[in-house]
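As provided, coords31.txt (compact mmCIF, C-alpha atoms) reads as follows.
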# COMPACT_ATOMS: atom_id res chain seq x y z
CA MET A 470 6.44 -17.46 -20.78
CA LEU A 471 7.31 -18.49 -17.19
CA GLN A 472 3.98 -17.19 -15.91
CA GLN A 473 2.13 -19.17 -18.58
CA THR A 474 4.05 -22.34 -17.70
CA ILE A 475 3.30 -21.96 -13.98
CA ASN A 476 -0.34 -21.15 -14.78
CA GLN A 477 -0.75 -24.26 -16.95
CA THR A 478 1.10 -26.53 -14.51
CA GLY A 479 -1.05 -25.34 -11.63
CA SER A 480 -4.18 -25.83 -13.69
CA ALA A 481 -3.16 -29.40 -14.55
CA LEU A 482 -2.48 -30.23 -10.89
CA ILE A 483 -5.82 -28.79 -9.79
CA HIS A 484 -7.62 -30.71 -12.53
CA SER A 485 -6.04 -33.94 -11.30
CA PHE A 486 -7.20 -33.16 -7.75
CA MET A 487 -10.71 -32.39 -9.02
CA ARG A 488 -10.97 -35.67 -10.91
CA LEU A 489 -9.97 -37.58 -7.77
CA SER A 490 -11.94 -35.63 -5.17
CA LEU A 491 -14.98 -34.12 -6.89
CA ASP A 492 -17.93 -35.70 -8.62
CA LEU A 493 -17.76 -33.40 -11.64
CA ASN A 494 -20.77 -32.73 -13.83
CA ILE A 495 -19.91 -30.31 -16.65
CA GLU A 496 -22.19 -29.05 -19.42
CA ARG A 497 -21.02 -26.72 -22.18
CA ARG A 498 -23.88 -25.17 -24.12
CA ALA A 499 -21.59 -23.69 -26.74
CA SER A 500 -17.94 -23.81 -27.69
CA LEU A 501 -15.85 -21.17 -26.00
CA PRO A 502 -15.16 -18.31 -28.41
CA ALA A 503 -11.63 -18.04 -29.71
CA GLY A 504 -9.42 -15.22 -28.51
CA ALA A 505 -10.02 -12.86 -25.63
CA LYS A 506 -13.12 -13.40 -23.52
CA ILE A 507 -14.46 -13.01 -20.00
CA ILE A 508 -15.63 -15.98 -17.94
CA ALA A 509 -18.18 -14.78 -15.36
CA ALA A 510 -19.40 -17.19 -12.68
CA ASN A 511 -21.27 -17.27 -9.39
CA HIS A 512 -19.14 -17.73 -6.29
CA PRO A 513 -20.52 -20.16 -3.67
CA THR A 514 -17.10 -21.11 -2.24
CA THR A 515 -13.57 -19.82 -1.83
CA THR A 516 -12.26 -22.71 -3.96
CA ASP A 517 -14.27 -21.76 -7.11
CA PRO A 518 -11.47 -19.76 -8.80
CA PHE A 519 -9.19 -22.78 -8.73
CA TYR A 520 -11.86 -25.23 -9.93
CA ILE A 521 -12.97 -23.00 -12.80
CA LEU A 522 -9.44 -22.55 -14.13
CA PRO A 523 -8.85 -26.03 -15.62
CA LEU A 524 -12.38 -26.20 -17.05
CA ILE A 525 -11.75 -23.23 -19.33
CA GLY A 526 -8.78 -24.66 -21.18
CA GLY A 527 -5.88 -22.48 -22.23
CA PRO A 528 -4.13 -19.78 -20.20
CA THR A 529 -6.56 -17.80 -18.06
CA THR A 530 -6.05 -14.94 -15.63
CA ILE A 531 -8.35 -14.73 -12.61
CA LEU A 532 -9.30 -11.57 -10.74
CA ILE A 533 -8.95 -12.60 -7.07
CA THR A 534 -9.39 -10.73 -3.80
CA GLU A 535 -6.17 -9.22 -2.48
CA MET A 536 -6.49 -11.25 0.73
CA ALA A 537 -5.53 -14.41 -1.18
CA PHE A 538 -2.33 -12.69 -2.30
CA LYS A 539 -1.41 -12.02 1.35
CA SER A 540 -1.30 -15.73 2.13
CA PRO A 541 2.34 -16.76 2.72
CA VAL A 542 1.79 -19.99 0.74
CA LEU A 543 -0.85 -19.15 -1.85
CA GLY A 544 0.16 -15.55 -2.52
CA PRO A 545 3.52 -16.23 -4.22
CA ILE A 546 1.89 -18.91 -6.40
CA LEU A 547 -0.86 -16.53 -7.52
CA ARG A 548 1.67 -13.82 -8.36
CA ALA A 549 3.94 -16.23 -10.22
CA SER A 550 0.92 -17.47 -12.20
CA GLY A 551 0.07 -13.91 -13.26
CA HIS A 552 -3.33 -13.61 -11.59
CA ILE A 553 -4.64 -10.14 -10.74
CA PRO A 554 -5.29 -8.95 -7.14
CA VAL A 555 -8.42 -6.87 -6.59
CA LEU A 556 -7.71 -4.33 -3.87
CA GLN A 557 -10.39 -4.00 -1.23
CA ASP A 558 -10.76 -0.23 -1.46
CA ASN A 559 -9.57 0.41 -5.01
CA GLY A 560 -10.56 -1.89 -7.85
CA ARG A 561 -9.31 0.44 -10.59
CA PRO A 562 -5.79 -1.00 -10.95
CA ALA A 563 -7.21 -4.51 -11.36
CA PHE A 564 -9.76 -3.24 -13.90
CA ASP A 565 -7.13 -1.45 -15.97
CA GLU A 566 -4.81 -4.48 -15.93
CA ALA A 567 -7.66 -6.78 -16.95
CA VAL A 568 -8.53 -4.50 -19.89
CA ARG A 569 -4.90 -4.48 -20.96
CA ARG A 570 -4.70 -8.26 -20.93
CA LEU A 571 -8.01 -8.67 -22.75
CA LYS A 572 -6.83 -6.33 -25.49
CA ASP A 573 -3.69 -8.45 -25.65
CA GLY A 574 -5.86 -11.46 -26.49
CA GLN A 575 -5.95 -13.11 -23.07
CA THR A 576 -8.89 -14.71 -21.24
CA ILE A 577 -10.05 -13.28 -17.90
CA ALA A 578 -12.15 -15.04 -15.26
CA ILE A 579 -14.17 -12.94 -12.85
CA PHE A 580 -16.73 -13.47 -10.09
CA PRO A 581 -18.96 -10.42 -10.61
CA GLU A 582 -20.79 -10.70 -7.27
CA GLY A 583 -17.66 -9.17 -5.76
CA SER A 584 -17.91 -11.49 -2.75
CA LEU A 585 -19.02 -15.00 -1.90
CA SER A 586 -22.63 -15.85 -2.78
CA PRO A 587 -25.20 -15.79 0.05
CA ARG A 588 -25.05 -18.86 2.29
CA GLU A 589 -28.75 -19.46 1.78
CA GLY A 590 -28.29 -19.69 -1.98
CA GLY A 591 -28.81 -17.40 -4.95
CA LEU A 592 -26.55 -14.56 -5.99
CA CYS A 593 -25.49 -11.27 -4.49
CA ARG A 594 -26.39 -8.32 -6.66
CA LEU A 595 -23.84 -8.28 -9.46
CA ARG A 596 -21.40 -5.43 -9.66
CA THR A 597 -20.96 -3.78 -13.04
CA GLY A 598 -17.28 -4.59 -13.52
CA ALA A 599 -17.76 -7.60 -15.81
CA VAL A 600 -19.95 -5.71 -18.27
CA ARG A 601 -17.71 -2.65 -18.17
CA LEU A 602 -14.69 -4.85 -18.89
CA ALA A 603 -16.48 -6.39 -21.86
CA LEU A 604 -17.42 -2.98 -23.24
CA SER A 605 -13.94 -1.54 -22.68
CA ALA A 606 -12.15 -4.40 -24.41
CA GLY A 607 -14.83 -5.33 -26.95
CA VAL A 608 -14.96 -8.99 -25.89
CA PRO A 609 -17.79 -11.46 -25.12
CA ILE A 610 -18.77 -12.72 -21.68
CA VAL A 611 -19.35 -16.43 -21.12
CA PRO A 612 -21.74 -16.85 -18.15
CA VAL A 613 -21.16 -19.84 -15.86
CA GLY A 614 -23.41 -21.34 -13.21
CA ILE A 615 -21.96 -23.44 -10.36
CA ALA A 616 -23.90 -25.76 -8.05
CA LEU A 617 -22.71 -27.95 -5.18
CA GLU A 618 -23.89 -29.47 -1.90
CA PRO A 619 -23.86 -26.71 0.76
CA GLU A 620 -23.61 -29.22 3.60
CA ARG A 621 -20.15 -30.25 2.35
CA ILE A 622 -18.71 -26.74 2.64
CA HIS A 623 -16.10 -26.28 5.36
CA TYR A 624 -16.22 -22.84 7.00
CA ILE A 625 -12.79 -21.76 8.21
CA ASP A 626 -11.98 -18.42 9.85
CA THR A 627 -8.90 -17.17 8.01
CA THR A 628 -6.50 -14.27 8.64
CA CYS A 629 -3.88 -13.09 6.15
CA GLY A 630 -1.94 -10.02 7.13
CA ASP A 631 -4.43 -7.46 8.41
CA MET A 632 -7.43 -9.05 6.65
CA SER A 633 -9.82 -11.68 7.99
CA GLU A 634 -12.76 -13.58 6.56
CA THR A 635 -14.62 -16.85 6.90
CA ALA A 636 -13.36 -18.93 3.98
CA ARG A 637 -15.52 -21.64 2.42
CA TRP A 638 -13.59 -24.72 1.33
CA TYR A 639 -15.20 -27.39 -0.83
CA LEU A 640 -12.89 -30.39 -1.09
CA ASN A 641 -15.13 -33.30 -2.08
CA GLY A 642 -18.59 -34.12 -3.36
CA PRO A 643 -20.73 -33.16 -6.37
CA TYR A 644 -19.62 -30.09 -8.29
CA ALA A 645 -21.78 -29.15 -11.27
CA VAL A 646 -20.91 -26.43 -13.77
CA THR A 647 -22.90 -25.14 -16.74
CA MET A 648 -21.15 -22.89 -19.26
CA GLY A 649 -23.61 -20.81 -21.23
CA GLU A 650 -23.55 -19.22 -24.66
CA PRO A 651 -21.38 -16.11 -25.07
CA LEU A 652 -23.04 -12.74 -24.49
CA VAL A 653 -22.03 -9.77 -26.63
CA PHE A 654 -22.72 -6.19 -25.50
CA ASN A 655 -22.74 -3.23 -27.86
CA GLY A 656 -23.50 -0.23 -25.67
CA HIS A 657 -21.23 2.48 -24.29
CA ILE A 658 -19.37 2.11 -21.02
CA ASP A 659 -20.49 5.59 -19.89
CA ASP A 660 -24.18 4.72 -20.38
CA TRP A 661 -24.86 3.63 -16.82
CA GLY A 662 -28.46 2.72 -17.52
CA TYR A 663 -27.30 0.28 -20.20
CA VAL A 664 -24.46 -1.06 -18.03
CA ARG A 665 -26.80 -1.73 -15.10
CA LYS A 666 -29.40 -3.34 -17.37
CA MET A 667 -26.82 -5.65 -18.96
CA SER A 668 -25.41 -6.51 -15.53
CA GLY A 669 -28.91 -7.57 -14.54
CA LEU A 670 -29.16 -9.65 -17.71
CA LEU A 671 -25.82 -11.30 -16.93
CA SER A 672 -27.03 -12.04 -13.40
CA ASN A 673 -30.17 -13.73 -14.77
CA HIS A 674 -28.08 -15.90 -17.09
CA ILE A 675 -25.70 -16.97 -14.32
CA GLU A 676 -28.57 -17.71 -11.94
CA GLN A 677 -30.42 -19.80 -14.55
CA LEU A 678 -27.24 -21.73 -15.38
CA ALA A 679 -26.60 -22.40 -11.67
CA TYR A 680 -30.19 -23.66 -11.41
CA HIS A 681 -29.64 -26.05 -14.33
CA SER A 682 -26.41 -27.22 -12.69
CA ALA A 683 -28.32 -27.92 -9.47
CA CYS A 684 -31.03 -29.84 -11.37
CA ARG A 685 -28.46 -32.06 -13.09
CA MET A 686 -26.71 -32.66 -9.79
CA GLU A 687 -29.99 -33.73 -8.19
CA ASP A 688 -30.86 -35.98 -11.14
CA GLN A 689 -27.45 -37.59 -10.83
CA ARG A 690 -28.01 -38.17 -7.11
CA LEU A 691 -31.41 -39.77 -7.67
CA ALA A 692 -30.01 -41.99 -10.43
CA ARG A 693 -27.45 -43.58 -8.10
CA PRO A 694 -28.52 -47.10 -7.15
CA ALA A 695 -29.49 -47.53 -3.51
CA TYR A 696 -26.93 -49.43 -1.45
CA SER A 697 -28.20 -52.93 -0.62
CA GLY A 698 -25.06 -54.52 0.84
CA PRO A 699 -24.75 -56.30 4.17
CA LEU A 700 -24.54 -53.03 6.13
CA ALA A 701 -27.61 -51.43 4.52
CA TRP A 702 -29.65 -51.95 7.69
CA LEU A 703 -27.22 -49.65 9.49
CA GLY A 704 -27.81 -46.92 6.94
CA LEU A 705 -24.22 -47.24 5.64
Could you rewrite the structure in this file as structure tokens?
Amino acid sequence: MLQQTINQTGSALIHSFMRLSLDLNIERRASLPAGAKIIAANHPTTTDPFYILPLIGGPTTILITEMAFKSPVLGPILRASGHIPVLQDNGRPAFDEAVRRLKDGQTIAIFPEGSLSPREGGLCRLRTGAVRLALSAGVPIVPVGIALEPERIHYIDTTCGDMSETARWYLNGPYAVTMGEPLVFNGHIDDWGYVRKMSGLLSNHIEQLAYHSACRMEDQRLARPAYSGPLAWLGL
């Protein structure tokens, strides 16, 4: 109960920040299915897990890299909220815990690229974990496509414990999200040909949804009236 309260409080605070700082553009192509489900999104920035959380609605557990849990500030919050660390060299404990929670009726959010998306755009090749989770727990996957303005990303070299990476923070500007229709898989988890094929299908869905998010974001930009005030001649 405490974890759920902390999770929901954190989500509400993040949503308030998003409404103040981000130009949100959200499209839901279908209602989220009731009960356990997997939310699978592309991962252009380090801040995506926090921004996705309040858009889902209801308690959600996120699979997040273990480095975030080593942060002296963020780590305790993530643990108290019940999120799941994905160990760098051993993803099995996180997988097993995610299956357990899905079978318990919970919602899981995952970024199946396994790392941040390429800086030049597009997706990394998806890992098979999302599809294997869905097959193990018998739940649908809701694909999600995120688009934003790359020039607004802040690149910050970050070290937590013995781990280092270049974090990508996105704190203001357009942030477009398209939530697709649920995907249901009926194969067997040990059929690797099927798992890889469905992972490719999931990748295509996420990439197409991210493209639609980018198109809406661009349409919104073009629809803004040009500034014609007294400082227009300065380009301001």
Could you produce a table of the residues of range 589-632 of chain A lying within 9 Å of range 640-655 of chain A, with the nearest pair of atoms per residue and their separation in Å rounded to one decimal, using only C-alpha atoms, ordered by chain and increasing residue number, as a Markdown table?
| residue | atom | partner | partner_atom | distance |
| --- | --- | --- | --- | --- |
| A:Val600 | CA | A:Phe654 | CA | 7.8 |
| A:Ala603 | CA | A:Phe654 | CA | 7.2 |
| A:Leu604 | CA | A:Phe654 | CA | 6.6 |
| A:Gly607 | CA | A:Phe654 | CA | 8.1 |
| A:Val608 | CA | A:Val653 | CA | 7.2 |
| A:Pro609 | CA | A:Val653 | CA | 4.8 |
| A:Ile610 | CA | A:Leu652 | CA | 5.1 |
| A:Val611 | CA | A:Pro651 | CA | 4.5 |
| A:Pro612 | CA | A:Gly649 | CA | 5.4 |
| A:Val613 | CA | A:Met648 | CA | 4.6 |
| A:Gly614 | CA | A:Thr647 | CA | 5.2 |
| A:Ile615 | CA | A:Val646 | CA | 4.7 |
| A:Ala616 | CA | A:Ala645 | CA | 5.1 |
| A:Leu617 | CA | A:Tyr644 | CA | 4.9 |
| A:Glu618 | CA | A:Pro643 | CA | 6.6 |
| A:Arg621 | CA | A:Gly642 | CA | 7.1 |
| A:Ile622 | CA | A:Leu640 | CA | 7.8 |
| A:His623 | CA | A:Leu640 | CA | 8.3 |
Residue neighbourhood Asp688 in chain A, 12 Å, only C-alpha atoms, exclusion window fewer than 4 positions, as a VMD selection string: chain A and resid 494 643 645 681 to 684 692 to 693
I need the chosen residues saved as a tab-separated table (two decimals), in the frame of the given file, with C-alpha atoms.
chain	number	residue	atom	x	y	z
A	494	ASN	CA	-20.77	-32.73	-13.83
A	643	PRO	CA	-20.73	-33.16	-6.37
A	645	ALA	CA	-21.78	-29.15	-11.27
A	681	HIS	CA	-29.64	-26.05	-14.33
A	682	SER	CA	-26.41	-27.22	-12.69
A	683	ALA	CA	-28.32	-27.92	-9.47
A	684	CYS	CA	-31.03	-29.84	-11.37
A	692	ALA	CA	-30.01	-41.99	-10.43
A	693	ARG	CA	-27.45	-43.58	-8.10
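Of note, CA of His674 in chain A and CA of Leu592 in chain A are spaced 11.3 Å apart.
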Near His512 in chain A, within 7 Å and counting all atoms listed in the file, which residues show up once chain neighbours fewer than 3 positions away are dropped, as a ChimeraX atom specification? /A:517,580,585-586
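Shortest separation to Gln575 in chain A among A:Met686, A:Ile546, A:Leu532, A:Ile507 occurs at residue A:Ile507, atoms counted being only C-alpha atoms.
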Using all atoms listed in the file, which residue out of A:Asp492, A:Leu571, A:Trp638, A:Gly560 lies closest to Pro518 in chain A? A:Trp638
May I ask which of the residues A:Asp659, A:Gly574, A:Tyr624, A:Glu535 is the closest one to Asn559 in chain A, counting only C-alpha atoms? A:Glu535
Enclose range 627-638 of chain A, meaning all of its atoms listed in the file, in a box aligned along x, y and z, pad it by 8 Å on each side, and list the centre and edge lengths in Å to one decimal, as AutoDock Vina command-line options.
--center_x -8.7 --center_y -16.1 --center_z 5.0 --size_x 29.6 --size_y 33.3 --size_z 23.3
Provide the CA of Met667 in chain A to CA of Tyr520 in chain A distance in Å, to one decimal place. 26.2 Å
Between A:Ala509, A:Pro587, A:Ala606, A:Ile525, which is the closest to Arg637 in chain A once you count all atoms listed in the file? A:Pro587
Non-local contacts of His552 in chain A (8 Å; all atoms listed in the file; under 4 positions in same chain excluded) as a short mmCIF file (atom, residue, chain, number, x, y, z; two decimals) with C-alpha atoms, keeping the file's coordinate frame:
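Writing the result to part09.cif gives the following:
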data_model
loop_
_atom_site.label_atom_id
_atom_site.label_comp_id
_atom_site.auth_asym_id
_atom_site.auth_seq_id
_atom_site.Cartn_x
_atom_site.Cartn_y
_atom_site.Cartn_z
CA THR A 530 -6.05 -14.94 -15.63
CA ILE A 531 -8.35 -14.73 -12.61
CA LEU A 532 -9.30 -11.57 -10.74
CA ILE A 533 -8.95 -12.60 -7.07
CA LEU A 547 -0.86 -16.53 -7.52
CA ARG A 548 1.67 -13.82 -8.36
#
What's the separation between CA of Asp573 in chain A and CA of Ala505 in chain A, in Å to one decimal place? 7.7 Å
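Checking A:Phe564, A:Gly662, A:Arg488, A:Pro554 one by one against Phe538 in chain A, counting all atoms listed in the file, you find the shortest gap at A:Pro554.
If all atoms listed in the file are the atoms counted, then among A:Gly590, A:Gly598, A:Pro541, A:Pro502 the closest residue to Asp565 in chain A is A:Gly598.
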For a cutoff of 12 Å around the file-coordinate point (-25.7, -7.1, -9.6), which residues qualify once you count only C-alpha atoms? I'd like the result as a VMD selection string. chain A and resid 511 580 to 584 586 591 to 600 664 to 676
